[in-house]
>>> print(open('work20.txt').read())   # compact mmCIF, C-alpha atoms
# COMPACT_ATOMS: atom_id res chain seq x y z
CA MET A 1 131.77 45.26 24.70
CA THR A 2 129.09 43.01 23.26
CA ILE A 3 130.05 39.42 22.50
CA SER A 4 128.24 36.63 20.75
CA ILE A 5 126.43 33.79 22.46
CA ILE A 6 129.23 31.40 21.48
CA HIS A 7 131.89 33.65 23.01
CA LEU A 8 129.88 34.13 26.18
CA ARG A 9 129.40 30.37 26.53
CA TRP A 10 133.11 29.76 25.84
CA LEU A 11 134.12 32.28 28.47
CA TYR A 12 131.93 30.60 31.06
CA CYS A 13 133.22 27.12 30.24
CA ALA A 14 136.77 28.43 30.50
CA LEU A 15 136.11 30.29 33.73
CA PRO A 16 137.21 27.49 36.12
CA THR A 17 140.69 27.71 34.64
CA LEU A 18 140.77 31.52 34.93
CA VAL A 19 139.63 31.86 38.54
CA HIS A 20 139.05 29.57 41.49
CA ALA A 21 135.57 28.68 40.38
CA PHE A 22 132.96 26.13 41.34
CA SER A 23 134.93 23.03 42.28
CA SER A 24 138.12 21.14 41.60
CA SER A 25 136.43 19.31 38.71
CA ALA A 26 135.16 21.00 35.55
CA PRO A 27 131.39 21.60 35.49
CA VAL A 28 129.27 19.33 33.30
CA ILE A 29 127.37 21.55 30.87
CA VAL A 30 124.12 20.03 29.59
CA PRO A 31 123.23 20.23 25.87
CA GLU A 32 121.65 23.37 24.51
CA VAL A 33 117.88 23.29 24.09
CA HIS A 34 116.65 22.21 20.63
CA PRO A 35 114.55 24.88 18.83
CA ALA A 36 111.58 22.50 18.43
CA TYR A 37 111.67 21.86 22.17
CA VAL A 38 111.71 25.61 22.84
CA THR A 39 108.62 26.04 20.68
CA ARG A 40 106.72 23.35 22.57
CA ILE A 41 107.69 24.72 25.99
CA SER A 42 106.65 28.20 24.89
CA GLN A 43 103.26 26.84 23.87
CA LEU A 44 102.81 25.10 27.22
CA VAL A 45 103.71 28.22 29.18
CA GLU A 46 101.45 30.38 27.01
CA ALA A 47 98.58 27.98 27.68
CA ALA A 48 99.19 28.18 31.44
CA LEU A 49 99.32 31.98 31.30
CA GLY A 50 96.23 32.16 29.10
CA ASP A 51 98.14 33.86 26.28
CA GLU A 52 96.40 32.22 23.33
CA GLY A 53 95.48 34.66 20.59
CA ASP A 54 95.43 38.29 21.74
CA ALA A 55 95.05 37.41 25.41
CA ASN A 56 98.68 38.32 26.11
CA ASP A 57 97.86 42.02 25.91
CA ASN A 58 95.03 41.61 28.41
CA ARG A 59 97.28 39.67 30.79
CA TYR A 60 99.82 42.47 30.74
CA VAL A 61 97.09 44.94 31.63
CA PHE A 62 96.01 42.84 34.63
CA ALA A 63 99.63 42.33 35.74
CA ARG A 64 100.32 46.05 35.58
CA ASP A 65 97.07 46.73 37.44
CA ALA A 66 98.34 44.47 40.24
CA VAL A 67 101.53 46.53 40.45
CA THR A 68 99.60 49.82 40.49
CA SER A 69 97.22 48.56 43.17
CA PHE A 70 100.13 47.47 45.34
CA GLN A 71 101.86 50.82 45.13
CA GLU A 72 98.68 52.75 45.85
CA ASN A 73 97.30 50.64 48.69
CA ASP A 74 100.22 49.02 50.49
CA GLU A 75 101.03 50.58 53.86
CA SER A 76 104.76 50.50 53.18
CA PRO A 77 105.28 50.36 49.39
CA PRO A 78 108.82 50.38 48.02
CA SER A 79 110.32 53.80 47.42
CA ASN A 80 110.99 52.94 43.79
CA GLU A 81 108.39 52.97 41.04
CA LEU A 82 107.74 49.48 39.71
CA VAL A 83 107.01 48.81 36.05
CA TYR A 84 105.89 45.40 34.82
CA GLY A 85 108.02 43.83 32.09
CA GLU A 86 108.64 40.29 30.90
CA LEU A 87 111.09 38.26 28.82
CA SER A 88 109.97 35.53 26.43
CA ILE A 89 110.83 31.84 26.79
CA PRO A 90 113.07 31.88 23.66
CA VAL A 91 115.03 34.79 25.17
CA LEU A 92 115.35 32.87 28.44
CA VAL A 93 116.75 29.94 26.46
CA THR A 94 119.28 32.21 24.77
CA ILE A 95 120.44 33.44 28.18
CA LEU A 96 120.58 30.00 29.82
CA ASP A 97 122.32 28.35 26.89
CA ALA A 98 124.90 31.15 26.92
CA VAL A 99 125.43 30.73 30.67
CA GLY A 100 125.72 26.96 30.34
CA VAL A 101 123.23 25.01 32.45
CA GLN A 102 124.74 22.34 34.69
CA GLU A 103 123.22 19.28 36.29
CA ASN A 104 121.35 20.09 39.51
CA ASP A 105 121.26 23.83 38.90
CA VAL A 106 118.84 25.89 41.02
CA PHE A 107 117.18 28.74 39.13
CA LEU A 108 115.88 31.98 40.67
CA ASP A 109 113.93 34.69 38.85
CA ILE A 110 114.20 37.94 40.84
CA GLY A 111 111.02 39.89 40.16
CA SER A 112 109.20 36.88 38.71
CA GLY A 113 105.89 38.65 37.98
CA ASP A 114 103.37 36.27 36.38
CA GLY A 115 105.87 33.41 36.69
CA ALA A 116 106.54 32.83 32.98
CA LEU A 117 110.31 32.34 33.26
CA VAL A 118 110.01 30.08 36.29
CA LEU A 119 107.50 27.87 34.47
CA GLY A 120 109.69 27.79 31.38
CA ALA A 121 112.90 27.02 33.27
CA SER A 122 111.18 24.12 35.04
CA LEU A 123 110.54 22.39 31.69
CA LEU A 124 113.35 23.43 29.34
CA TYR A 125 115.95 20.98 30.64
CA ALA A 126 113.71 18.00 31.29
CA ASP A 127 115.34 14.77 30.12
CA THR A 128 118.47 16.42 28.76
CA GLY A 129 119.91 13.02 27.95
CA THR A 130 122.96 13.12 30.20
CA GLU A 131 123.74 9.86 31.94
CA ALA A 132 123.34 11.14 35.49
CA ILE A 133 119.88 12.64 35.04
CA GLU A 134 118.27 10.75 32.16
CA GLY A 135 114.55 10.74 32.68
CA GLY A 136 114.86 13.70 35.02
CA ASN A 137 115.73 17.37 34.81
CA ALA A 138 119.01 19.28 34.86
CA MET A 139 117.24 21.97 36.86
CA LYS A 140 116.91 20.75 40.42
CA LYS A 141 114.46 23.47 41.44
CA CYS A 142 113.07 26.73 40.05
CA TYR A 143 112.17 29.66 42.30
CA GLY A 144 110.48 32.96 41.66
CA VAL A 145 110.28 35.90 44.07
CA ASP A 146 108.29 39.10 43.72
CA ILE A 147 107.44 41.96 46.05
CA VAL A 148 103.90 42.45 44.67
CA PRO A 149 101.35 40.15 46.38
CA GLY A 150 98.95 40.26 43.45
CA LEU A 151 101.64 39.05 41.05
CA VAL A 152 102.67 36.22 43.36
CA GLU A 153 99.04 35.10 43.57
CA ARG A 154 98.76 35.22 39.78
CA SER A 155 102.00 33.27 39.29
CA ILE A 156 100.88 30.53 41.68
CA SER A 157 97.60 30.26 39.76
CA HIS A 158 99.54 29.97 36.50
CA ALA A 159 101.77 27.26 37.98
CA ASP A 160 98.66 25.33 39.07
CA LYS A 161 97.21 25.60 35.57
CA LEU A 162 100.45 24.32 34.05
CA HIS A 163 100.47 21.38 36.48
CA GLN A 164 96.90 20.48 35.57
CA PHE A 165 97.62 20.80 31.86
CA LEU A 166 100.71 18.59 32.08
CA GLN A 167 98.87 16.04 34.21
CA ASN A 168 96.06 15.75 31.66
CA LYS A 169 97.90 16.01 28.34
CA GLU A 170 101.69 15.98 28.76
CA SER A 171 102.71 13.08 30.97
CA PHE A 172 106.36 13.25 29.89
CA PHE A 173 106.75 16.83 31.05
CA GLN A 174 104.68 16.14 34.14
CA ARG A 175 107.09 13.38 35.19
CA ASN A 176 110.22 15.42 34.49
CA GLN A 177 109.27 18.97 35.47
CA ALA A 178 111.55 20.58 38.02
CA GLU A 179 110.01 21.54 41.35
CA ILE A 180 108.60 25.08 41.42
CA GLU A 181 108.25 27.51 44.31
CA LEU A 182 106.86 31.05 43.95
CA LEU A 183 107.01 33.34 46.94
CA LEU A 184 106.44 36.85 48.19
CA GLY A 185 109.60 38.64 49.27
CA ASP A 186 111.83 41.70 49.06
CA ILE A 187 115.20 40.85 47.55
CA HIS A 188 116.71 43.91 49.27
CA GLN A 189 115.51 42.77 52.70
CA PRO A 190 115.23 38.95 52.49
CA ASP A 191 113.60 37.02 55.31
CA GLY A 192 114.97 33.66 56.46
CA GLN A 193 113.17 31.68 53.75
CA LEU A 194 114.36 33.91 50.93
CA GLN A 195 117.88 33.99 52.37
CA ASN A 196 117.99 30.19 52.26
CA ILE A 197 116.81 30.26 48.64
CA LEU A 198 119.53 32.76 47.73
CA ASN A 199 122.15 30.51 49.32
CA GLU A 200 120.84 27.56 47.31
CA THR A 201 120.62 29.41 43.96
CA THR A 202 123.19 28.65 41.26
CA ILE A 203 121.62 30.70 38.42
CA ALA A 204 119.90 34.01 39.20
CA VAL A 205 118.17 36.15 36.57
CA CYS A 206 116.89 39.69 37.13
CA PHE A 207 115.08 41.81 34.53
CA ALA A 208 116.29 45.10 35.99
CA THR A 209 114.54 47.26 33.41
CA THR A 210 111.85 47.78 36.05
CA TRP A 211 114.30 49.15 38.64
CA SER A 212 113.80 52.87 39.17
CA ALA A 213 116.34 55.68 39.48
CA GLU A 214 116.22 55.51 43.27
CA ASN A 215 117.77 52.06 43.19
CA SER A 216 120.22 52.76 40.38
CA VAL A 217 123.07 55.05 39.38
CA GLY A 218 123.40 56.37 35.84
CA THR A 219 120.91 57.33 33.16
CA SER A 220 121.65 54.83 30.39
CA LEU A 221 119.20 51.93 30.61
CA GLN A 222 121.81 49.27 29.86
CA GLY A 223 124.57 51.03 31.82
CA ARG A 224 122.72 51.71 35.08
CA LYS A 225 124.55 50.50 38.15
CA LEU A 226 122.46 48.79 40.85
CA PRO A 227 124.33 49.29 44.16
CA LYS A 228 121.43 48.26 46.42
CA LEU A 229 120.78 45.06 44.48
CA SER A 230 124.53 44.39 44.31
CA LYS A 231 124.87 44.50 48.08
CA ALA A 232 121.81 42.30 48.62
CA LEU A 233 122.96 39.65 46.16
CA SER A 234 126.53 39.77 47.42
CA ARG A 235 125.31 39.02 50.95
CA GLY A 236 122.85 36.33 49.88
CA LEU A 237 124.29 34.38 46.95
CA SER A 238 126.90 31.67 47.34
CA SER A 239 130.28 31.68 45.65
CA GLY A 240 130.04 30.20 42.16
CA CYS A 241 126.53 31.45 41.42
CA ARG A 242 126.03 32.76 37.87
CA VAL A 243 124.03 36.00 37.82
CA VAL A 244 122.38 37.53 34.74
CA ILE A 245 121.18 41.13 34.97
CA ILE A 246 119.12 42.51 32.09
CA ASP A 247 119.60 46.25 31.55
CA GLY A 248 121.63 46.95 34.64
CA LYS A 249 125.09 46.50 36.11
CA LEU A 250 126.22 44.99 39.39
CA ASP A 251 129.03 46.53 41.42
CA GLU A 252 132.11 44.41 40.79
CA GLU A 253 133.50 45.58 44.14
CA GLU A 254 130.76 43.45 45.73
CA GLU A 255 132.60 40.29 44.57
CA PHE A 256 130.98 39.95 41.15
CA LEU A 257 133.24 39.07 38.23
CA TRP A 258 132.01 40.39 34.86
CA ILE A 259 132.00 37.67 32.21
CA GLY A 260 130.29 39.20 29.19
CA ASP A 261 127.34 41.04 27.61
CA LEU A 262 124.68 39.67 25.30
CA LYS A 263 122.13 41.50 23.15
CA ILE A 264 118.63 40.06 23.50
CA PRO A 265 115.35 41.08 21.80
CA CYS A 266 112.80 42.60 24.15
CA PRO A 267 109.58 44.39 23.11
CA ASP A 268 109.58 46.44 26.34
CA THR A 269 112.98 47.96 25.49
CA ALA A 270 112.98 47.84 21.68
CA PRO A 271 115.08 47.24 19.74
CA TYR A 272 117.04 45.20 22.29
CA SER A 273 118.19 44.80 25.88
CA ILE A 274 121.60 43.87 27.27
CA ALA A 275 121.99 40.78 29.44
CA THR A 276 125.16 40.94 31.52
CA LEU A 277 126.62 37.78 33.04
CA TYR A 278 128.53 37.78 36.34
CA HIS A 279 130.19 35.12 38.43
CA LYS A 280 129.78 35.46 42.20
CA GLN A 281 133.27 35.10 43.69
>>> encode(input="work20.txt", output="structure tokens")
Amino acid sequence: MTISIIHLRWLYCALPTLVHAFSSSAPVIVPEVHPAYVTRISQLVEAALGDEGDANDNRYVFARDAVTSFQENDESPPSNELVYGELSIPVLVTILDAVGVQENDVFLDIGSGDGALVLGASLLYADTGTEAIEGGNAMKKCYGVDIVPGLVERSISHADKLHQFLQNKESFFQRNQAEIELLLGDIHQPDGQLQNILNETTIAVCFATTWSAENSVGTSLQGRKLPKLSKALSRGLSSGCRVVIIDGKLDEEEEFLWIGDLKIPCPDTAPYSIATLYHKQ
């Protein structure tokens, strides 16, 4: 079943009354991001990534080259074939607004690639206007993890460029940007650092379109089950975490409660992808 953004957001807000959710008090949902704000954040992230004009196509080529190089040269590459894909900042906003961002949320992009979503998430909820965090950011911290060393290096470079750009031209965002950390890691076999990040995470997003058949069950792109990822996230994430999987399904027997599905535009899976929201029990 596909439901609208409004219905998905309503279901999440009602969730604490349906199950024993996050705490005894209802979560404080911050305001949705204004479209003009989304446009400005998108421009800032594009500048950091070097996506002005037609440069986006070239960046994708270099990112995919990094993936290919890793699979050809690494001594112990993953058994699955990796394919580079990326969501836009407006699509990220659609997902996060549907989930309902709370004060002090910790964001994790699983398979963060060039770091676009991590950079965007660090700015989207700056100065949301709520009393407790005015002049700050609803996002406490934004993490990105990827298994490809070349992509992690690229994402760190992009984060540095964004920091420099904000420092020189955008003092407001520079003051209120959430802390960013981009790291190398395997979500299926997390080390101690990544395990701690998983425990801390309250919103996890995974663009599972790049997961191969060896890590999934089923042939339909949107309907593929991800048992290996389900087990890893079930072990690592804390109760109450909201998890969004794009074009894949978690195993609900691994303590994930399905909340709803959302159609999102994605050029890599035209005409659309399916974002599925879960609540970690």
>>> residues_around(input="work20.txt", residues="range 40-51 of chain A", least_positions_apart="3", cutoff="6 Å", atoms="all atoms listed in the file", output="VMD selection string")
chain A and resid 37 55 to 56 89 158 161 to 162
>>> residues_around(input="work20.txt", residues="Asp146 in chain A", least_positions_apart="4", cutoff="12 Å", atoms="all atoms listed in the file", output="JSON, numbers by chain")
{"A": [66, 67, 70, 82, 84, 108, 109, 110, 111, 112, 113, 114, 115, 118, 150, 151, 152, 153, 154, 155, 156, 181, 182, 183, 184, 185, 186, 187, 188, 190, 194, 206, 207]}
>>> closest_atom_pairs(input="work20.txt", of="range 163-209 of chain A", to="range 245-260 of chain A", cutoff="12 Å", atoms="only C-alpha atoms", output="CSV")
residue,atom,partner,partner_atom,distance
A:Ile203,CA,A:Ile245,CA,11.0
A:Ala204,CA,A:Ile245,CA,8.4
A:Val205,CA,A:Ile245,CA,6.0
A:Cys206,CA,A:Ile245,CA,5.0
A:Phe207,CA,A:Ile246,CA,4.8
A:Ala208,CA,A:Ile246,CA,5.5
A:Thr209,CA,A:Asp247,CA,5.5
>>> atom_distance(input="work20.txt", atom1="CA of Thr202 in chain A", atom2="CA of Pro31 in chain A")
17.5 Å
>>> closest_residue(input="work20.txt", among="A:Gln189, A:Val99, A:Ala121, A:Ser171", to="Tyr278 in chain A", atoms="all atoms listed in the file")
A:Val99
